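Undergrad: What follows is a single structure, and I will ask about it in a moment.
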Amino acid sequence: QVQLVESGGGLVQAGGSLRLSCAASGIISSINAMGWYRQAPGKQREFIARLTSGGSTNYADSVKGRFTIARDNAKNTVYLQMNSLKPEDTAVYYCNLVGRSRDYWGQGTQVTVSS
(Lines give C-alpha, C1' and ligand atoms only; values in the text may rest on other atoms or scores of the structure.)
Protein backbone atom coordinates (compact mmCIF):
# COMPACT_ATOMS: atom_id res chain seq x y z
CA GLN A 1 0.00 0.00 0.00
CA VAL A 2 1.42 3.35 -1.04
CA GLN A 3 0.71 6.46 0.97
CA LEU A 4 1.41 10.04 -0.02
CA VAL A 5 1.45 12.69 2.68
CA GLU A 6 1.56 16.35 1.69
CA SER A 7 2.58 19.23 3.89
CA GLY A 8 3.55 22.87 3.61
CA GLY A 9 0.30 24.49 2.60
CA GLY A 10 -1.04 27.59 4.27
CA LEU A 11 -2.02 31.21 3.91
CA VAL A 12 0.34 33.62 2.19
CA GLN A 13 0.09 37.10 0.72
CA ALA A 14 0.33 37.67 -3.00
CA GLY A 15 3.96 37.75 -4.08
CA GLY A 16 4.98 35.40 -1.31
CA SER A 17 6.37 31.88 -1.40
CA LEU A 18 5.54 28.44 -0.08
CA ARG A 19 7.18 25.05 -0.39
CA LEU A 20 5.04 21.96 -0.51
CA SER A 21 6.38 18.53 0.35
CA CYS A 22 5.04 15.09 -0.46
CA ALA A 23 6.50 12.01 1.18
CA ALA A 24 5.77 8.62 -0.32
CA SER A 25 5.80 5.53 1.85
CA GLY A 26 4.83 1.90 1.57
CA ILE A 27 5.68 -0.78 -0.95
CA ILE A 28 6.68 1.10 -4.08
CA SER A 29 7.83 -1.21 -6.83
CA SER A 30 8.69 1.58 -9.22
CA ILE A 31 8.09 5.29 -9.60
CA ASN A 32 7.70 6.54 -13.13
CA ALA A 33 6.99 10.10 -12.09
CA MET A 34 5.87 12.28 -9.21
CA GLY A 35 4.04 15.52 -9.54
CA TRP A 36 1.48 18.01 -8.38
CA TYR A 37 -2.06 18.90 -9.34
CA ARG A 38 -4.44 21.45 -7.88
CA GLN A 39 -8.15 21.98 -7.65
CA ALA A 40 -9.77 25.33 -7.00
CA PRO A 41 -13.37 25.61 -5.76
CA GLY A 42 -15.82 24.91 -8.56
CA LYS A 43 -13.08 23.89 -10.97
CA GLN A 44 -11.63 20.64 -12.23
CA ARG A 45 -8.35 19.29 -10.96
CA GLU A 46 -5.52 20.57 -13.13
CA PHE A 47 -1.96 19.53 -13.78
CA ILE A 48 0.75 21.74 -12.28
CA ALA A 49 4.12 20.02 -12.50
CA ARG A 50 5.74 16.63 -13.01
CA LEU A 51 9.20 15.16 -12.52
CA THR A 52 9.91 11.84 -14.22
CA SER A 53 12.25 9.16 -12.99
CA GLY A 54 14.58 10.18 -15.79
CA GLY A 55 14.75 13.72 -14.49
CA SER A 56 12.52 15.44 -17.02
CA THR A 57 10.22 18.17 -15.79
CA ASN A 58 6.96 19.53 -17.14
CA TYR A 59 5.02 22.55 -15.94
CA ALA A 60 1.67 24.06 -16.65
CA ASP A 61 1.96 27.33 -18.51
CA SER A 62 0.27 29.13 -15.63
CA VAL A 63 3.14 28.34 -13.24
CA LYS A 64 6.20 28.28 -15.50
CA GLY A 65 8.95 30.48 -14.15
CA ARG A 66 7.32 30.67 -10.73
CA PHE A 67 7.10 27.07 -9.51
CA THR A 68 9.90 24.51 -9.35
CA ILE A 69 9.55 20.80 -8.75
CA ALA A 70 12.34 18.77 -7.19
CA ARG A 71 12.76 15.35 -5.67
CA ASP A 72 14.84 13.71 -2.99
CA ASN A 73 15.12 10.12 -4.23
CA ALA A 74 16.57 8.84 -1.00
CA LYS A 75 13.52 10.07 0.89
CA ASN A 76 10.94 9.36 -1.84
CA THR A 77 9.87 12.94 -1.38
CA VAL A 78 8.89 15.48 -3.99
CA TYR A 79 8.82 19.22 -3.41
CA LEU A 80 7.06 22.11 -5.07
CA GLN A 81 8.68 25.48 -4.53
CA MET A 82 6.11 28.16 -5.29
CA ASN A 83 7.28 31.75 -5.71
CA SER A 84 5.52 34.94 -6.74
CA LEU A 85 2.21 33.47 -5.66
CA LYS A 86 -0.99 34.96 -7.00
CA PRO A 87 -4.55 34.85 -5.65
CA GLU A 88 -5.46 32.60 -8.57
CA ASP A 89 -3.04 30.00 -7.22
CA THR A 90 -5.46 29.42 -4.35
CA ALA A 91 -6.47 25.76 -4.42
CA VAL A 92 -6.07 22.39 -2.79
CA TYR A 93 -2.79 20.95 -4.02
CA TYR A 94 -2.51 17.20 -4.54
CA CYS A 95 0.57 15.06 -4.84
CA ASN A 96 0.57 12.40 -7.54
CA LEU A 97 2.76 9.33 -7.96
CA VAL A 98 2.73 7.42 -11.24
CA GLY A 99 3.56 3.82 -10.45
CA ARG A 100 4.04 0.78 -12.63
CA SER A 101 0.35 0.00 -12.95
CA ARG A 102 -1.58 2.85 -11.35
CA ASP A 103 -1.54 6.37 -10.00
CA TYR A 104 -1.57 7.28 -6.33
CA TRP A 105 -2.86 10.50 -4.77
CA GLY A 106 -2.31 12.34 -1.54
CA GLN A 107 -5.06 13.82 0.58
CA GLY A 108 -4.32 17.37 -0.51
CA THR A 109 -3.05 20.49 1.20
CA GLN A 110 -4.74 23.88 1.08
CA VAL A 111 -2.90 26.87 -0.34
CA THR A 112 -4.58 30.24 0.04
CA VAL A 113 -3.09 33.39 -1.47
CA SER A 114 -4.56 36.67 -0.28
CA SER A 115 -4.52 39.82 -2.38
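By convention here, the chains of the C-alpha coordinates are called A, B, ... in the order presented, each chain's residues are numbered starting at 1, and ligands are numbered starting at 1 in the order presented.
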May I have the residues within 6 Å of stretch 76-79 of chain A as a PyMOL selection string, using only C-alpha atoms and disregarding those fewer than 3 positions away in the same chain?

TA: chain A and resi 20-24+69-73

Undergrad: Would you kindly return, as a list in words, each protein, DNA or RNA residue with an atom no farther than 10 Å from any atom of A:Glu46, considering only C-alpha atoms and excluding same-chain residues fewer than 4 positions away?

TA: Trp36, Tyr37, Arg38, Gln39, Ala40, Ala60, Tyr93 and Tyr94 of chain A

Undergrad: Would you mind telling me which residue in A:Arg45, A:Glu6, A:Gly55, A:Arg50 lies nearest to A:Phe67 when using only C-alpha atoms?

TA: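 Under the stated criterion, the closest residue is A:Arg50.
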
Undergrad: Once DSSP has gone over the backbone, tell me which residues of chain A are in helix (DSSP H, G or I), as a VMD selection string.

TA: chain A and resid 73 to 75 87 to 89

Undergrad: May I ask which of the residues A:Ala49, A:Leu97, A:Ala74, A:Val111 is the closest one to A:Val2, counting only C-alpha atoms?

TA: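 Nearest candidate to A:Val2 out of A:Ala49, A:Leu97, A:Ala74, A:Val111: A:Leu97.
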